[in-house]
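Student: Below is one structure. I have some questions about it.
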Amino acid sequence: MTDEPLLRVSALSKFYGSRIGCENVTFDLWPGEVLAVVGESGSGKTTLLNCLSTRLLPSSGTASYRMRDGQFRELYRMSEAERRFLMRTDWGFVHQNPADGLRMTVSAGANVGERLMAVGDRHYGKIRATAVDWLSRVEIDEDRIDDEPRAFSGGMRQRLQIARNLVTRPRLVFMDEPTGGLDVSVQARLLDLLRGLVTDLGLAAIVVTHDLAVARLLSQRMMVMKDGRVVESGLTDRVLDDPRAPYTQLLVSSILQV
Amino acid sequence: MATPLVVSDVAKSFTMHLRDGIRLPVVAGVSFSIRSGECAVLGGPSGAGKSSILKMLYGNYAVDAGQIIVQHEDGLIDLATASPRTVLAVRRLTIGYVSQFLRTVPRVSALDVVAEPLVERGEDREVARGKARALLAQLNLPEKLWALPPATFSGGEQQRVNIARGFITEHPILLLDEPTASLDASNRDVVIALIAAKKAAGVALLGIFHDHDVREAVADRVIDVTAFAAGKIAA
């Protein structure tokens, strides 16, 4: 295990005019760590995720990322091209709606293969073999490889989106409500799959969710956000079993018992 | 003998913000230490704070005041103030924990639930599964259950999976929260033997056992938690 974080975030804020998106967020993320960001709609968690993944630029604050060569680079000082390259190779972004992260009118195999070509793979046979391998890892039958995701169910689309993101072996994956809108049985399968992949690949991930059960299952650490600010953070089981902030206590006490 | 766990002056209360900020004191002035190769038992009635103390020692509950000094790798760490990342490392390498109830994960087999802590410590998956099989057999869990996720198991079966998961590693400190609560007599004896083996291997054990016979069989001494009643110290 390395002693340096993968991502260092310091005093990150994003304002929309006079409205707060997120304010003064500071944390470090280490390789292999899964951080859950929880809070209700409008708490700023998606704004934070978009700033971290450079899909949005923050109003102030810094975030630096340890590149594969070991050097830290300031994310918001990179050129657009550099950021896009990082996004295509070293990072993944799993959207809540698979249609936002997939190309719906090209085949499943091409959706996975496209990311490989972006990192320089050119050998068709190899790309297809890797695509088949990844489809099986996300439990999609090989005979669906030439189908378009339009013909897939919601759960399958989400699994395909995950395969597309992980095929380049990213070191950091952003996930925005990865199980939102799925049936519970489909959700359980996807969570189990994600849990296994994150452990096997040693990924670092930042998962935005409003579902505390998802946070408990996937993450080791958790940040609770309200009105754009982090109101509590710590080990996931500590935050959930011994919530300290009034808002966290409200969230935890609102979970329905099955 | 080495003393890998020293607790001094630890206090814990809960503040219920949803109930007008009522403060519920749990324990205060908690001080004791555990030596390698001994099994100490937390004694006292329900509600005295025994489980809360165990949970603080595992980083699962926050600590209001005091220190929890743990011998971790080659140094000493104060768990009361350690960063989440340090607590995770302590859990992986130094402190094991058998909880009262198994928290099940959908679709993961009993065998892999048991093997997981070893895999996290870098053990080869097949070697870990081999050890898991041996432990589950020792705890008399029917072999036909091993490949199934434990969610549908009976209370006693789940508890045996939980015990196997806690005992599979060689953590130098092991916390036990009523591991024998839902077991029949023969399986209780297996757990007593497992605890004896841990003691012989130099593990420092701290447990809660309501079962009188088990406590008699394993306890080297009893730490009376009522002495740490929060009201007593404050008064």
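For the structure tokens, the naming scheme is as follows: chains receive sequential letters (A, B, ...) according to their order of presentation, residues are indexed from 1 within each chain, and ligands are indexed from 1 in presentation order.
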Mind checking which residues fall within 8 Å of region 65-74 of chain B, counting only C-alpha atoms, ignoring those fewer than 2 positions away in the same chain, and posting them as a short mmCIF file (atom, residue, chain, number, x, y, z; two decimals) with N, CA and C atoms, in the first residue's frame?
Tutor:
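To be explicit, this is the file written out as out_33.cif:
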data_model
loop_
_atom_site.label_atom_id
_atom_site.label_comp_id
_atom_site.auth_asym_id
_atom_site.auth_seq_id
_atom_site.Cartn_x
_atom_site.Cartn_y
_atom_site.Cartn_z
N PRO B 4 -1.04 -5.51 24.45
CA PRO B 4 -1.29 -4.85 23.16
C PRO B 4 -2.46 -3.88 23.18
N LEU B 5 -3.22 -3.83 24.29
CA LEU B 5 -4.39 -2.95 24.32
C LEU B 5 -4.48 -2.30 25.70
N VAL B 6 -4.43 -0.96 25.71
CA VAL B 6 -4.54 -0.21 26.97
C VAL B 6 -5.61 0.86 26.80
N VAL B 7 -6.61 0.80 27.64
CA VAL B 7 -7.72 1.76 27.58
C VAL B 7 -7.61 2.66 28.80
N SER B 8 -7.59 3.98 28.58
CA SER B 8 -7.54 4.83 29.77
C SER B 8 -8.51 6.00 29.69
N ASP B 9 -9.33 6.08 30.74
CA ASP B 9 -10.23 7.20 30.96
C ASP B 9 -11.17 7.48 29.79
N VAL B 10 -11.65 6.43 29.17
CA VAL B 10 -12.53 6.61 28.01
C VAL B 10 -13.96 6.93 28.45
N ALA B 11 -14.56 7.87 27.76
CA ALA B 11 -15.95 8.24 28.06
C ALA B 11 -16.76 8.23 26.78
N LYS B 12 -18.05 7.91 26.94
CA LYS B 12 -18.93 7.85 25.79
C LYS B 12 -20.34 8.29 26.19
N GLY B 29 -14.66 7.18 32.43
CA GLY B 29 -13.54 6.69 33.23
C GLY B 29 -13.22 5.23 32.97
N LEU B 57 -13.70 0.16 20.90
CA LEU B 57 -12.39 -0.46 20.69
C LEU B 57 -12.20 -0.89 19.24
N VAL B 63 -15.43 8.07 20.20
CA VAL B 63 -15.03 8.17 21.61
C VAL B 63 -15.07 9.64 22.01
N LEU B 76 2.63 2.34 18.39
CA LEU B 76 1.42 2.48 19.19
C LEU B 76 0.51 3.49 18.53
N ILE B 77 -0.79 3.19 18.58
CA ILE B 77 -1.76 4.07 17.94
C ILE B 77 -2.88 4.36 18.92
N ASP B 78 -3.36 5.60 18.93
CA ASP B 78 -4.53 5.92 19.75
C ASP B 78 -5.77 5.82 18.86
N LEU B 79 -6.52 4.74 19.06
CA LEU B 79 -7.71 4.52 18.22
C LEU B 79 -8.78 5.59 18.42
N ALA B 80 -8.76 6.24 19.59
CA ALA B 80 -9.80 7.23 19.88
C ALA B 80 -9.69 8.42 18.94
N THR B 81 -8.48 8.68 18.44
CA THR B 81 -8.30 9.85 17.58
C THR B 81 -7.77 9.48 16.19
N VAL B 90 -5.89 -1.01 11.20
CA VAL B 90 -5.91 -1.72 12.48
C VAL B 90 -6.88 -2.90 12.40
N LEU B 93 -5.28 -5.72 10.24
CA LEU B 93 -4.09 -6.40 10.73
C LEU B 93 -4.08 -6.72 12.22
N THR B 94 -4.73 -5.90 13.03
CA THR B 94 -4.49 -5.99 14.48
C THR B 94 -5.70 -6.42 15.30
#
Student: As an MDAnalysis selection string, please: every residue in region 180-228 of chain A that DSSP puts in alpha helix (DSSP H).
Tutor: chainID A and resid 184:201 212:218
Student: Measuring atom to atom with only C-alpha atoms, identify which of A:Val214, A:Ala204, A:Ile20, A:Ala245 is nearest to chain B.
Tutor: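 Checking each candidate against chain B, we get A:Ala245 as the closest.
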Student: Could you pull the residues within 7 Å of Phe27 (chain A), counting only C-alpha atoms, minus those fewer than 4 positions along the same chain, as a CSV table (one decimal) with all heavy atoms, in the first residue's frame?
Tutor:
chain,number,residue,atom,x,y,z
A,8,ARG,N,-6.2,14.7,-3.8
A,8,ARG,CA,-6.2,15.6,-2.7
A,8,ARG,C,-7.1,16.8,-3.0
A,8,ARG,O,-6.9,17.5,-4.0
A,8,ARG,CB,-4.8,16.2,-2.5
A,8,ARG,CG,-3.8,15.3,-1.8
A,8,ARG,CD,-2.6,16.0,-1.5
A,8,ARG,NE,-1.8,15.3,-0.6
A,8,ARG,CZ,-0.5,15.1,-0.7
A,8,ARG,NH1,0.2,15.7,-1.7
A,8,ARG,NH2,0.2,14.4,0.1
A,9,VAL,N,-8.1,16.9,-2.2
A,9,VAL,CA,-9.1,18.0,-2.4
A,9,VAL,C,-9.0,19.0,-1.3
A,9,VAL,O,-9.1,18.6,-0.1
A,9,VAL,CB,-10.5,17.4,-2.6
A,9,VAL,CG1,-11.5,18.5,-2.8
A,9,VAL,CG2,-10.5,16.3,-3.6
A,10,SER,N,-8.9,20.3,-1.6
A,10,SER,CA,-8.8,21.2,-0.6
A,10,SER,C,-9.7,22.4,-0.8
A,10,SER,O,-9.6,23.1,-1.8
A,10,SER,CB,-7.3,21.7,-0.5
A,10,SER,OG,-7.2,22.7,0.4
Student: Please tabulate, as JSON lines, the residues of region 9-69 of chain A that come within 12 Å of region 181-197 of chain A, each with its closest pair of atoms and the distance in Å to one decimal, counting only C-alpha atoms and ordering rows by chain, then residue number upward.
Tutor:
{"residue": "A:Gly32", "atom": "CA", "partner": "A:Leu197", "partner_atom": "CA", "distance": 11.0}
{"residue": "A:Glu33", "atom": "CA", "partner": "A:Arg195", "partner_atom": "CA", "distance": 11.6}
{"residue": "A:Val34", "atom": "CA", "partner": "A:Arg195", "partner_atom": "CA", "distance": 9.8}
Student: Output as a ChimeraX atom specification the set of chain A residues within 9 Å of chain B, with distances taken over only C-alpha atoms.
Tutor: /A:30,33,188-189,191-192,199,217,220-221,234-239,241-247,249-250
Student: At a cut-off of 7 Å, using only C-alpha atoms, what residues contact region 74-78 of chain A? Leave out same-chain residues fewer than 2 positions from it and give the result as a PyMOL selection string.
Tutor: chain A and resi 63-65+72+80+82-83
Student: Go ahead and write the residues just picked, all heavy atoms, as a JSON list (two decimals), in the first residue's frame.
Tutor:
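Saved to again06.json:
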[["chain", "number", "residue", "atom", "x", "y", "z"],
["A", 63, "ALA", "N", -7.81, 20.74, -6.41],
["A", 63, "ALA", "CA", -7.84, 19.28, -6.36],
["A", 63, "ALA", "C", -6.63, 18.81, -7.14],
["A", 63, "ALA", "O", -6.43, 19.21, -8.29],
["A", 63, "ALA", "CB", -9.12, 18.75, -7.00],
["A", 64, "SER", "N", -5.78, 18.00, -6.50],
["A", 64, "SER", "CA", -4.66, 17.48, -7.27],
["A", 64, "SER", "C", -4.69, 15.96, -7.29],
["A", 64, "SER", "O", -5.09, 15.31, -6.33],
["A", 64, "SER", "CB", -3.32, 18.01, -6.76],
["A", 64, "SER", "OG", -3.26, 17.94, -5.38],
["A", 65, "TYR", "N", -4.26, 15.43, -8.41],
["A", 65, "TYR", "CA", -4.37, 14.00, -8.71],
["A", 65, "TYR", "C", -2.99, 13.44, -8.97],
["A", 65, "TYR", "O", -2.19, 14.05, -9.69],
["A", 65, "TYR", "CB", -5.28, 13.82, -9.92],
["A", 65, "TYR", "CG", -5.48, 12.38, -10.33],
["A", 65, "TYR", "CD1", -6.27, 11.54, -9.56],
["A", 65, "TYR", "CD2", -4.89, 11.87, -11.49],
["A", 65, "TYR", "CE1", -6.46, 10.22, -9.93],
["A", 65, "TYR", "CE2", -5.08, 10.55, -11.86],
["A", 65, "TYR", "CZ", -5.86, 9.72, -11.08],
["A", 65, "TYR", "OH", -6.06, 8.42, -11.45],
["A", 72, "PHE", "N", 1.98, 14.74, -8.74],
["A", 72, "PHE", "CA", 0.67, 15.34, -8.53],
["A", 72, "PHE", "C", 0.44, 16.45, -9.54],
["A", 72, "PHE", "O", 1.33, 17.26, -9.78],
["A", 72, "PHE", "CB", 0.54, 15.91, -7.11],
["A", 72, "PHE", "CG", 0.17, 14.86, -6.10],
["A", 72, "PHE", "CD1", 1.16, 14.20, -5.38],
["A", 72, "PHE", "CD2", -1.15, 14.52, -5.89],
["A", 72, "PHE", "CE1", 0.82, 13.22, -4.47],
["A", 72, "PHE", "CE2", -1.49, 13.55, -4.97],
["A", 72, "PHE", "CZ", -0.51, 12.90, -4.25],
["A", 80, "GLU", "N", -7.75, 21.44, -21.37],
["A", 80, "GLU", "CA", -8.95, 20.67, -21.67],
["A", 80, "GLU", "C", -8.58, 19.30, -22.26],
["A", 80, "GLU", "O", -9.15, 18.27, -21.89],
["A", 80, "GLU", "CB", -9.81, 21.47, -22.67],
["A", 80, "GLU", "CG", -11.12, 20.84, -23.06],
["A", 80, "GLU", "CD", -12.13, 20.79, -21.92],
["A", 80, "GLU", "OE1", -12.11, 21.71, -21.07],
["A", 80, "GLU", "OE2", -12.92, 19.83, -21.89],
["A", 82, "GLU", "N", -5.80, 17.59, -21.85],
["A", 82, "GLU", "CA", -5.21, 16.72, -20.82],
["A", 82, "GLU", "C", -6.29, 16.11, -19.95],
["A", 82, "GLU", "O", -6.25, 14.92, -19.60],
["A", 82, "GLU", "CB", -4.23, 17.51, -19.94],
["A", 82, "GLU", "CG", -2.90, 17.81, -20.58],
["A", 82, "GLU", "CD", -2.06, 18.69, -19.67],
["A", 82, "GLU", "OE1", -2.52, 19.78, -19.28],
["A", 82, "GLU", "OE2", -0.93, 18.28, -19.37],
["A", 83, "ARG", "N", -7.26, 16.95, -19.59],
["A", 83, "ARG", "CA", -8.35, 16.46, -18.74],
["A", 83, "ARG", "C", -9.15, 15.39, -19.47],
["A", 83, "ARG", "O", -9.54, 14.38, -18.89],
["A", 83, "ARG", "CB", -9.27, 17.61, -18.33],
["A", 83, "ARG", "CG", -8.74, 18.44, -17.21],
["A", 83, "ARG", "CD", -9.85, 19.16, -16.49],
["A", 83, "ARG", "NE", -10.48, 20.16, -17.33],
["A", 83, "ARG", "CZ", -10.16, 21.46, -17.30],
["A", 83, "ARG", "NH1", -9.24, 21.89, -16.48],
["A", 83, "ARG", "NH2", -10.77, 22.31, -18.08]]
